[in-house]
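Novice: First the structure, which I've put down as structure tokens, then a few questions once you've had a look.
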Amino acid sequence: MTLSIQNLCPDYLSTGAGISGIWGRDVAFAQGERVFVRAPSGTGKTSLIHLLYGLRNDAFGAVFWDKTNVLKADAEALAALRAQKLSVVFQDLRLFPELTLWENLLAKKALGSPETETEIDCWVEKLGLRHRRDRPARQLSYGEQQRTAILRGLIPGFQWLLLDEPFSHLDAENAAKALALTEEIADRRGAGILYAELDDNPCFKATQKLFL
Amino acid sequence: MTPEARPLLKKMLLRGGGKSRRIWAWLALFLGSFFLLLAVSMWWNFRQALRGSSGKDALGSGYFTVSRIITDADMGIPGKVRFTDTDIAALQQAPGVEEVGKLTQAAFPVSASMGGNLGFSTLLFLEAVPDNMLDTLPPDWRWTPGRNDVPIILAKEFLRTYNYVFAPTQGLPQLSENAVKAIGFNLLLGNSPETKLFRGQIVGFSDRVTSVLVPQAFLAEMHRQFHIPPPPPARLLVRAKDPADPQLVDWLKGRSYEVGGEMARQATLRRVVDGVAAGLGFLALVLLASGLSLFILLIRLLLSEARDRLRLLREIGYSPAALGRFVAHRFVPQAVGALLVALLASAAANVISGKYLARMGVYWPLWPSAMVWGAWLLVVIVVVGQVWRSIRRAIG
């Protein structure tokens, strides 16, 4: 699945063109690419992720995932895209607080996943969350919740994964583990990653780096 | 969405809502549809009862008598009250009329007398109608030329008048139908010197025709023997699909025809029942609308409480249609269940009332009519449609 961003600019950022590597420009990324977007505060990093994911459409231009313009797509088309092809790790995590860590993962797996529950359980183990598996998400620390959100993002057989400051609350060791697992799964799927962060992350093997 | 999503969705979306609120909503939906079906059933069955699917229906058999209204100007002109063949042909074409029978009168004097201690004697009249239009056909209702005994069907109304009005005031004994059938009497026809004497015997009683009836064959033979042509009928016996049909009533009124009291009563009765059924139907509709609103409100409340979870489910890839189907799977069977129980309850009420009315001689269909099924199906479609719509709206 190819990502094509055409002259995209959120309504509130009328002067993006010319400065940004994305806003107001036509850019395209092939599946399997590793795109790093460095975005200092206030440049619209989360807006970009939300626009690419179809959570908002208050912008000029277009975002095509193959032939689907998510800014114009209806709810069912977006659901089909998100269920299988396009995954995300939100900056604000967006877990179900009343569900346990494991149930949060199952809620995503119920939409279909190439992985078995045993494999997913191995990922939980890798990120050091096994002992917290049956705890409601609201009782997890923010770092644990962040790792849970990352695991949830890895479950579907995605073709693209969007990451919005996914390791912001992890220590270096846990961040490295989470990034390694993310890249391993993306490689296995032949999927692309679009990773937006405030500062550069030298551990991420980017094929393209853009400044927002 | 795989089946393993169900327990999670149940945990996220269908928690709470309040058991008592659910019971109230269910009850309101049940009661609304129950009363609506009852109103439809009552309205339809009453129409059937008035049409009279049975010949001995207490509420009317579809038969009534027609005669001309006698005005002051018509008094003393015998021909004025009679029906011509053209009149009869026109009546046969009137709205809803299925059959018209002539009430042929004896054109010769008749008197009845009993010998013995009673010393009873009275002038009498005789009429005849086609056998197929009678509400009773006793086994000995037959007369062939040469027979001396004449079977007679008497109007039940006459016996009632005798028993409850005449006998008490004259100090005479009340008589049962069987007692009357056991009494034979002399029937003297014609004027002296050309008279004929027969033995009359009452063999049955009619609710339909207020008259003294003899077999058509007897009357025809007597007219032949007395060399008198049978006079045109002054009364007609009519069978109609629905004697209380307003179109027919207007048609008859327009020709200054008078109908038997039973029919006028039926028309009034129908108006009353139509009014009651319409009133009950309206109240039932209000109740059903309230029940449905309560039911929908409950769903909306539940989904409103789960609003954030629903949004997040959509964000991680759950299709709104699939979520709608999941929620509908929980609520639609509840709604249809309430409607099904209402259908069964209204059918039970119908059977109970039908059996009770049958004892009173009223024809009342025991099982739900096509009209009730149709109304139920319509209610199901509307309720399910509204429930589905509200779910989809709430889910977005």
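Chain identifiers are assigned as A, B, and so on, following the order in which chains appear in the structure tokens; residues are numbered from 1 within each chain, and ligands are numbered from 1 in order of appearance.
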Taking only C-alpha atoms into account, what are the residues of chain A at most 10 Å from chain B, put as a PyMOL selection string?
Specialist: chain A and resi 53-55+75-89+94-99+103-104+106-112+152-153
Novice: A:Ile185, A:Ala180, A:Val63, A:Leu161: which is nearest Phe204 (chain A), counting only C-alpha atoms?
Specialist: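 Comparing A:Ile185, A:Ala180, A:Val63, A:Leu161 against Phe204 (chain A), the winner is A:Ala180.
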Novice: What's around Lys253 (chain B) at 12 Å? Count only C-alpha atoms, leave out sequence neighbours fewer than 2 positions away in its own chain, and write the answer as a list in words.
Specialist: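 The neighbour list is Val66, Ser67, Arg68, Ile69, Ala94, Pro246, Gln247, Leu248, Val249, Asp250, Trp251, Arg255, Ser256, Tyr257, Glu258, Val259 and Ala264 of chain B.
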Novice: Near region 127-140 of chain A, within 7 Å and counting only C-alpha atoms, which residues show up once chain neighbours fewer than 2 positions away are dropped, as a PDB file with all heavy atoms, in the first residue's frame?
Specialist:
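Saved to part.pdb:
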ATOM      1  N   LEU A  95      -6.126   3.604  25.340  1.00  0.00           N
ATOM      2  CA  LEU A  95      -6.480   2.237  25.743  1.00  0.00           C
ATOM      3  C   LEU A  95      -7.869   2.251  26.373  1.00  0.00           C
ATOM      4  O   LEU A  95      -8.361   3.308  26.761  1.00  0.00           O
ATOM      5  CB  LEU A  95      -5.463   1.718  26.761  1.00  0.00           C
ATOM      6  CG  LEU A  95      -4.026   1.586  26.272  1.00  0.00           C
ATOM      7  CD1 LEU A  95      -3.111   1.201  27.437  1.00  0.00           C
ATOM      8  CD2 LEU A  95      -3.884   0.584  25.140  1.00  0.00           C
ATOM      9  N   PHE A  96      -8.453   1.057  26.484  1.00  0.00           N
ATOM     10  CA  PHE A  96      -9.722   0.945  27.209  1.00  0.00           C
ATOM     11  C   PHE A  96      -9.369   0.780  28.685  1.00  0.00           C
ATOM     12  O   PHE A  96      -8.838  -0.270  29.074  1.00  0.00           O
ATOM     13  CB  PHE A  96     -10.520  -0.270  26.731  1.00  0.00           C
ATOM     14  CG  PHE A  96     -10.925  -0.186  25.292  1.00  0.00           C
ATOM     15  CD1 PHE A  96     -10.254  -0.911  24.317  1.00  0.00           C
ATOM     16  CD2 PHE A  96     -11.982   0.623  24.908  1.00  0.00           C
ATOM     17  CE1 PHE A  96     -10.634  -0.836  22.988  1.00  0.00           C
ATOM     18  CE2 PHE A  96     -12.366   0.708  23.570  1.00  0.00           C
ATOM     19  CZ  PHE A  96     -11.685  -0.020  22.609  1.00  0.00           C
ATOM     20  N   PRO A  97      -9.642   1.789  29.506  1.00  0.00           N
ATOM     21  CA  PRO A  97      -9.154   1.734  30.893  1.00  0.00           C
ATOM     22  C   PRO A  97      -9.731   0.587  31.716  1.00  0.00           C
ATOM     23  O   PRO A  97      -9.076   0.070  32.603  1.00  0.00           O
ATOM     24  CB  PRO A  97      -9.570   3.091  31.468  1.00  0.00           C
ATOM     25  CG  PRO A  97     -10.608   3.626  30.551  1.00  0.00           C
ATOM     26  CD  PRO A  97     -10.375   3.025  29.224  1.00  0.00           C
ATOM     27  N   GLU A  98     -10.998   0.192  31.405  1.00  0.00           N
ATOM     28  CA  GLU A  98     -11.635  -0.841  32.233  1.00  0.00           C
ATOM     29  C   GLU A  98     -11.227  -2.252  31.805  1.00  0.00           C
ATOM     30  O   GLU A  98     -11.473  -3.215  32.523  1.00  0.00           O
ATOM     31  CB  GLU A  98     -13.166  -0.696  32.208  1.00  0.00           C
ATOM     32  CG  GLU A  98     -13.845  -1.048  30.906  1.00  0.00           C
ATOM     33  CD  GLU A  98     -13.748   0.055  29.859  1.00  0.00           C
ATOM     34  OE1 GLU A  98     -12.944   0.995  30.048  1.00  0.00           O
ATOM     35  OE2 GLU A  98     -14.448  -0.037  28.850  1.00  0.00           O
ATOM     36  N   LEU A  99     -10.609  -2.373  30.612  1.00  0.00           N
ATOM     37  CA  LEU A  99     -10.154  -3.692  30.158  1.00  0.00           C
ATOM     38  C   LEU A  99      -8.750  -3.947  30.659  1.00  0.00           C
ATOM     39  O   LEU A  99      -7.970  -3.016  30.856  1.00  0.00           O
ATOM     40  CB  LEU A  99     -10.155  -3.762  28.621  1.00  0.00           C
ATOM     41  CG  LEU A  99     -11.489  -3.634  27.893  1.00  0.00           C
ATOM     42  CD1 LEU A  99     -11.294  -3.954  26.409  1.00  0.00           C
ATOM     43  CD2 LEU A  99     -12.546  -4.545  28.478  1.00  0.00           C
ATOM     44  N   THR A 100      -8.426  -5.216  30.836  1.00  0.00           N
ATOM     45  CA  THR A 100      -7.072  -5.550  31.264  1.00  0.00           C
ATOM     46  C   THR A 100      -6.117  -5.334  30.096  1.00  0.00           C
ATOM     47  O   THR A 100      -6.556  -5.167  28.945  1.00  0.00           O
ATOM     48  CB  THR A 100      -6.978  -7.018  31.710  1.00  0.00           C
ATOM     49  OG1 THR A 100      -7.230  -7.841  30.566  1.00  0.00           O
ATOM     50  CG2 THR A 100      -7.959  -7.343  32.814  1.00  0.00           C
ATOM     51  N   LEU A 101      -4.843  -5.381  30.425  1.00  0.00           N
ATOM     52  CA  LEU A 101      -3.819  -5.243  29.376  1.00  0.00           C
ATOM     53  C   LEU A 101      -4.090  -6.261  28.265  1.00  0.00           C
ATOM     54  O   LEU A 101      -4.122  -5.932  27.082  1.00  0.00           O
ATOM     55  CB  LEU A 101      -2.451  -5.477  30.015  1.00  0.00           C
ATOM     56  CG  LEU A 101      -1.185  -5.380  29.181  1.00  0.00           C
ATOM     57  CD1 LEU A 101       0.008  -5.177  30.118  1.00  0.00           C
ATOM     58  CD2 LEU A 101      -0.906  -6.570  28.288  1.00  0.00           C
ATOM     59  N   TRP A 102      -4.334  -7.493  28.674  1.00  0.00           N
ATOM     60  CA  TRP A 102      -4.517  -8.576  27.701  1.00  0.00           C
ATOM     61  C   TRP A 102      -5.795  -8.382  26.881  1.00  0.00           C
ATOM     62  O   TRP A 102      -5.807  -8.609  25.672  1.00  0.00           O
ATOM     63  CB  TRP A 102      -4.522  -9.920  28.446  1.00  0.00           C
ATOM     64  CG  TRP A 102      -4.604 -11.115  27.553  1.00  0.00           C
ATOM     65  CD1 TRP A 102      -5.607 -12.028  27.481  1.00  0.00           C
ATOM     66  CD2 TRP A 102      -3.637 -11.536  26.576  1.00  0.00           C
ATOM     67  NE1 TRP A 102      -5.339 -12.977  26.548  1.00  0.00           N
ATOM     68  CE2 TRP A 102      -4.123 -12.702  25.974  1.00  0.00           C
ATOM     69  CE3 TRP A 102      -2.393 -11.038  26.162  1.00  0.00           C
ATOM     70  CZ2 TRP A 102      -3.434 -13.385  24.967  1.00  0.00           C
ATOM     71  CZ3 TRP A 102      -1.702 -11.717  25.163  1.00  0.00           C
ATOM     72  CH2 TRP A 102      -2.215 -12.874  24.581  1.00  0.00           C
ATOM     73  N   TRP A 123       5.304 -11.518  22.873  1.00  0.00           N
ATOM     74  CA  TRP A 123       5.628 -10.088  22.755  1.00  0.00           C
ATOM     75  C   TRP A 123       5.456  -9.403  24.118  1.00  0.00           C
ATOM     76  O   TRP A 123       6.248  -8.553  24.493  1.00  0.00           O
ATOM     77  CB  TRP A 123       4.693  -9.384  21.766  1.00  0.00           C
ATOM     78  CG  TRP A 123       4.733  -9.900  20.362  1.00  0.00           C
ATOM     79  CD1 TRP A 123       5.593 -10.810  19.829  1.00  0.00           C
ATOM     80  CD2 TRP A 123       3.850  -9.497  19.313  1.00  0.00           C
ATOM     81  NE1 TRP A 123       5.305 -11.042  18.515  1.00  0.00           N
ATOM     82  CE2 TRP A 123       4.232 -10.232  18.156  1.00  0.00           C
ATOM     83  CE3 TRP A 123       2.795  -8.626  19.215  1.00  0.00           C
ATOM     84  CZ2 TRP A 123       3.586 -10.094  16.939  1.00  0.00           C
ATOM     85  CZ3 TRP A 123       2.150  -8.479  18.000  1.00  0.00           C
ATOM     86  CH2 TRP A 123       2.542  -9.204  16.867  1.00  0.00           C
ATOM     87  N   VAL A 124       4.342  -9.793  24.801  1.00  0.00           N
ATOM     88  CA  VAL A 124       4.072  -9.216  26.130  1.00  0.00           C
ATOM     89  C   VAL A 124       5.266  -9.505  27.043  1.00  0.00           C
ATOM     90  O   VAL A 124       5.751  -8.632  27.776  1.00  0.00           O
ATOM     91  CB  VAL A 124       2.762  -9.805  26.720  1.00  0.00           C
ATOM     92  CG1 VAL A 124       2.550  -9.348  28.157  1.00  0.00           C
ATOM     93  CG2 VAL A 124       1.571  -9.417  25.862  1.00  0.00           C
ATOM     94  N   GLU A 125       5.762 -10.715  26.942  1.00  0.00           N
ATOM     95  CA  GLU A 125       6.912 -11.135  27.747  1.00  0.00           C
ATOM     96  C   GLU A 125       8.148 -10.309  27.378  1.00  0.00           C
ATOM     97  O   GLU A 125       8.867  -9.806  28.245  1.00  0.00           O
ATOM     98  CB  GLU A 125       7.164 -12.635  27.483  1.00  0.00           C
ATOM     99  CG  GLU A 125       8.377 -13.212  28.182  1.00  0.00           C
ATOM    100  CD  GLU A 125       8.175 -13.329  29.684  1.00  0.00           C
ATOM    101  OE1 GLU A 125       7.039 -13.591  30.094  1.00  0.00           O
ATOM    102  OE2 GLU A 125       9.159 -13.119  30.434  1.00  0.00           O
ATOM    103  N   TYR A 142       2.129   4.764  33.305  1.00  0.00           N
ATOM    104  CA  TYR A 142       2.029   5.323  31.953  1.00  0.00           C
ATOM    105  C   TYR A 142       2.963   4.594  30.995  1.00  0.00           C
ATOM    106  O   TYR A 142       2.637   4.338  29.838  1.00  0.00           O
ATOM    107  CB  TYR A 142       2.322   6.826  31.967  1.00  0.00           C
ATOM    108  CG  TYR A 142       1.736   7.506  30.741  1.00  0.00           C
ATOM    109  CD1 TYR A 142       0.406   7.907  30.719  1.00  0.00           C
ATOM    110  CD2 TYR A 142       2.505   7.708  29.594  1.00  0.00           C
ATOM    111  CE1 TYR A 142      -0.153   8.491  29.598  1.00  0.00           C
ATOM    112  CE2 TYR A 142       1.959   8.297  28.460  1.00  0.00           C
ATOM    113  CZ  TYR A 142       0.621   8.691  28.474  1.00  0.00           C
ATOM    114  OH  TYR A 142       0.082   9.253  27.358  1.00  0.00           O
ATOM    115  N   GLU A 144       3.885   1.482  31.202  1.00  0.00           N
ATOM    116  CA  GLU A 144       3.298   0.167  30.874  1.00  0.00           C
ATOM    117  C   GLU A 144       2.160   0.331  29.874  1.00  0.00           C
ATOM    118  O   GLU A 144       1.991  -0.471  28.953  1.00  0.00           O
ATOM    119  CB  GLU A 144       2.800  -0.498  32.161  1.00  0.00           C
ATOM    120  CG  GLU A 144       3.936  -1.004  33.049  1.00  0.00           C
ATOM    121  CD  GLU A 144       3.470  -1.359  34.460  1.00  0.00           C
ATOM    122  OE1 GLU A 144       2.412  -0.848  34.892  1.00  0.00           O
ATOM    123  OE2 GLU A 144       4.173  -2.128  35.121  1.00  0.00           O
ATOM    124  N   GLN A 145       1.407   1.377  30.083  1.00  0.00           N
ATOM    125  CA  GLN A 145       0.308   1.645  29.129  1.00  0.00           C
ATOM    126  C   GLN A 145       0.870   1.923  27.736  1.00  0.00           C
ATOM    127  O   GLN A 145       0.328   1.480  26.728  1.00  0.00           O
ATOM    128  CB  GLN A 145      -0.519   2.842  29.605  1.00  0.00           C
ATOM    129  CG  GLN A 145      -1.386   2.539  30.817  1.00  0.00           C
ATOM    130  CD  GLN A 145      -2.307   3.707  31.154  1.00  0.00           C
ATOM    131  OE1 GLN A 145      -2.849   4.349  30.274  1.00  0.00           O
ATOM    132  NE2 GLN A 145      -2.459   3.977  32.430  1.00  0.00           N
ATOM    133  N   ARG A 147       3.674   0.776  26.440  1.00  0.00           N
ATOM    134  CA  ARG A 147       4.114  -0.479  25.833  1.00  0.00           C
ATOM    135  C   ARG A 147       2.899  -1.312  25.374  1.00  0.00           C
ATOM    136  O   ARG A 147       2.941  -1.973  24.340  1.00  0.00           O
ATOM    137  CB  ARG A 147       4.957  -1.274  26.840  1.00  0.00           C
ATOM    138  CG  ARG A 147       6.397  -0.796  26.877  1.00  0.00           C
ATOM    139  CD  ARG A 147       7.184  -1.505  27.937  1.00  0.00           C
ATOM    140  NE  ARG A 147       6.965  -0.906  29.259  1.00  0.00           N
ATOM    141  CZ  ARG A 147       7.316  -1.474  30.404  1.00  0.00           C
ATOM    142  NH1 ARG A 147       7.877  -2.660  30.416  1.00  0.00           N
ATOM    143  NH2 ARG A 147       7.095  -0.865  31.549  1.00  0.00           N
ATOM    144  N   ASN A 174      13.810  -0.027  27.754  1.00  0.00           N
ATOM    145  CA  ASN A 174      12.474  -0.440  27.294  1.00  0.00           C
ATOM    146  C   ASN A 174      12.158   0.148  25.921  1.00  0.00           C
ATOM    147  O   ASN A 174      11.512  -0.506  25.086  1.00  0.00           O
ATOM    148  CB  ASN A 174      11.418  -0.015  28.307  1.00  0.00           C
ATOM    149  CG  ASN A 174      11.279  -1.040  29.423  1.00  0.00           C
ATOM    150  OD1 ASN A 174      11.274  -2.246  29.164  1.00  0.00           O
ATOM    151  ND2 ASN A 174      11.225  -0.571  30.659  1.00  0.00           N
ATOM    152  N   LYS A 177      13.892  -1.980  23.385  1.00  0.00           N
ATOM    153  CA  LYS A 177      13.195  -3.262  23.208  1.00  0.00           C
ATOM    154  C   LYS A 177      11.940  -3.070  22.355  1.00  0.00           C
ATOM    155  O   LYS A 177      11.658  -3.846  21.439  1.00  0.00           O
ATOM    156  CB  LYS A 177      12.773  -3.818  24.578  1.00  0.00           C
ATOM    157  CG  LYS A 177      13.847  -4.546  25.341  1.00  0.00           C
ATOM    158  CD  LYS A 177      13.196  -5.067  26.630  1.00  0.00           C
ATOM    159  CE  LYS A 177      14.259  -5.566  27.590  1.00  0.00           C
ATOM    160  NZ  LYS A 177      13.671  -5.893  28.886  1.00  0.00           N
ATOM    161  N   ALA A 178      11.189  -2.017  22.682  1.00  0.00           N
ATOM    162  CA  ALA A 178       9.925  -1.772  21.973  1.00  0.00           C
ATOM    163  C   ALA A 178      10.185  -1.442  20.508  1.00  0.00           C
ATOM    164  O   ALA A 178       9.488  -1.930  19.600  1.00  0.00           O
ATOM    165  CB  ALA A 178       9.163  -0.629  22.643  1.00  0.00           C
TER     166      ALA A 178
END
Novice: Excluding Pro114 (chain A) and any residue of its chain fewer than 6 positions from it, enumerate the residues within 9 Å of it, using only C-alpha atoms, and give them as number ranges by chain.
Specialist: A: 155-157
Novice: Mind the document's chain letters and residue numbers, and return as number ranges by chain the residues of region 64-149 of chain A that DSSP labels helix (DSSP H, G or I).
Specialist: A: 75-85, 101-109, 117-126, 130-132, 137-139, 142-149
Novice: From a DSSP calculation on the backbone, collect every residue of region 10-65 of chain A in strand (DSSP E or B) and output the set as a list in words.
Specialist: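 Across region 10-65 of chain A, those assigned strand (DSSP E or B) are Pro10, Asp26, Val27, Ala28, Phe29, Arg34, Val35, Phe36, Val37, Arg38, Ala59, Phe60, Gly61, Ala62, Val63, Phe64 and Trp65 of chain A.
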Novice: Output the selection as a CSV table (one decimal), in the first residue's frame - N, CA, C and O atoms for each residue.
Specialist:
chain,number,residue,atom,x,y,z
A,10,PRO,N,-3.2,21.4,7.3
A,10,PRO,CA,-4.4,21.6,8.2
A,10,PRO,C,-4.9,23.0,8.1
A,10,PRO,O,-4.1,23.9,7.8
A,26,ASP,N,3.8,17.7,-2.2
A,26,ASP,CA,3.3,16.3,-2.7
A,26,ASP,C,4.4,15.3,-2.4
A,26,ASP,O,5.5,15.5,-2.9
A,27,VAL,N,4.1,14.4,-1.5
A,27,VAL,CA,5.2,13.4,-1.2
A,27,VAL,C,4.5,12.0,-1.2
A,27,VAL,O,3.3,11.9,-1.0
A,28,ALA,N,5.3,11.0,-1.6
A,28,ALA,CA,4.8,9.6,-1.6
A,28,ALA,C,5.8,8.7,-1.0
A,28,ALA,O,7.0,8.9,-1.2
A,29,PHE,N,5.3,7.7,-0.4
A,29,PHE,CA,6.1,6.7,0.3
A,29,PHE,C,5.6,5.3,-0.1
A,29,PHE,O,4.4,5.0,0.0
A,34,ARG,N,10.9,3.3,5.8
A,34,ARG,CA,10.9,3.8,7.2
A,34,ARG,C,11.0,5.3,7.2
A,34,ARG,O,12.1,5.8,6.8
A,35,VAL,N,10.0,6.0,7.5
A,35,VAL,CA,9.9,7.4,7.4
A,35,VAL,C,10.0,8.0,8.8
A,35,VAL,O,9.2,7.7,9.6
A,36,PHE,N,11.0,8.9,9.0
A,36,PHE,CA,11.1,9.5,10.3
A,36,PHE,C,10.7,11.0,10.1
A,36,PHE,O,11.2,11.7,9.2
A,37,VAL,N,9.7,11.4,10.9
A,37,VAL,CA,9.3,12.8,10.8
A,37,VAL,C,9.7,13.5,12.1
A,37,VAL,O,9.2,13.2,13.2
A,38,ARG,N,10.6,14.4,12.0
A,38,ARG,CA,11.0,15.2,13.1
A,38,ARG,C,10.1,16.4,13.2
A,38,ARG,O,10.0,17.2,12.2
A,59,ALA,N,-8.6,19.7,6.8
A,59,ALA,CA,-7.3,20.1,6.1
A,59,ALA,C,-7.6,20.2,4.6
A,59,ALA,O,-8.5,19.7,4.1
A,60,PHE,N,-6.7,21.0,4.0
A,60,PHE,CA,-6.7,21.1,2.5
A,60,PHE,C,-5.9,19.9,2.0
A,60,PHE,O,-5.1,19.2,2.8
A,61,GLY,N,-6.0,19.6,0.7
A,61,GLY,CA,-5.2,18.5,0.1
A,61,GLY,C,-5.8,17.2,0.3
A,61,GLY,O,-7.0,17.0,0.5
A,62,ALA,N,-5.0,16.2,0.1
A,62,ALA,CA,-5.5,14.8,0.2
A,62,ALA,C,-4.4,13.8,0.7
A,62,ALA,O,-3.2,14.1,0.6
A,63,VAL,N,-4.9,12.8,1.3
A,63,VAL,CA,-4.0,11.7,1.8
A,63,VAL,C,-4.5,10.4,1.2
A,63,VAL,O,-5.6,9.9,1.6
A,64,PHE,N,-3.7,9.8,0.3
A,64,PHE,CA,-4.2,8.6,-0.3
A,64,PHE,C,-3.4,7.4,0.2
A,64,PHE,O,-2.2,7.4,0.2
A,65,TRP,N,-4.2,6.4,0.7
A,65,TRP,CA,-3.6,5.1,1.0
A,65,TRP,C,-4.0,4.3,-0.2
A,65,TRP,O,-5.2,3.9,-0.3
Novice: Quick check, in Å to one decimal: how far apart do CA of Gly354 (chain B) and CA of Leu366 (chain B) lie?
Specialist: 5.4 Å
Novice: Looking at A:Asp66, A:Asp200, A:Asp74, A:Asp11, which one is nearest to Leu48 (chain A), with distances taken over only C-alpha atoms?
Specialist: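 Checking each candidate against Leu48 (chain A), we get A:Asp11 as the closest.
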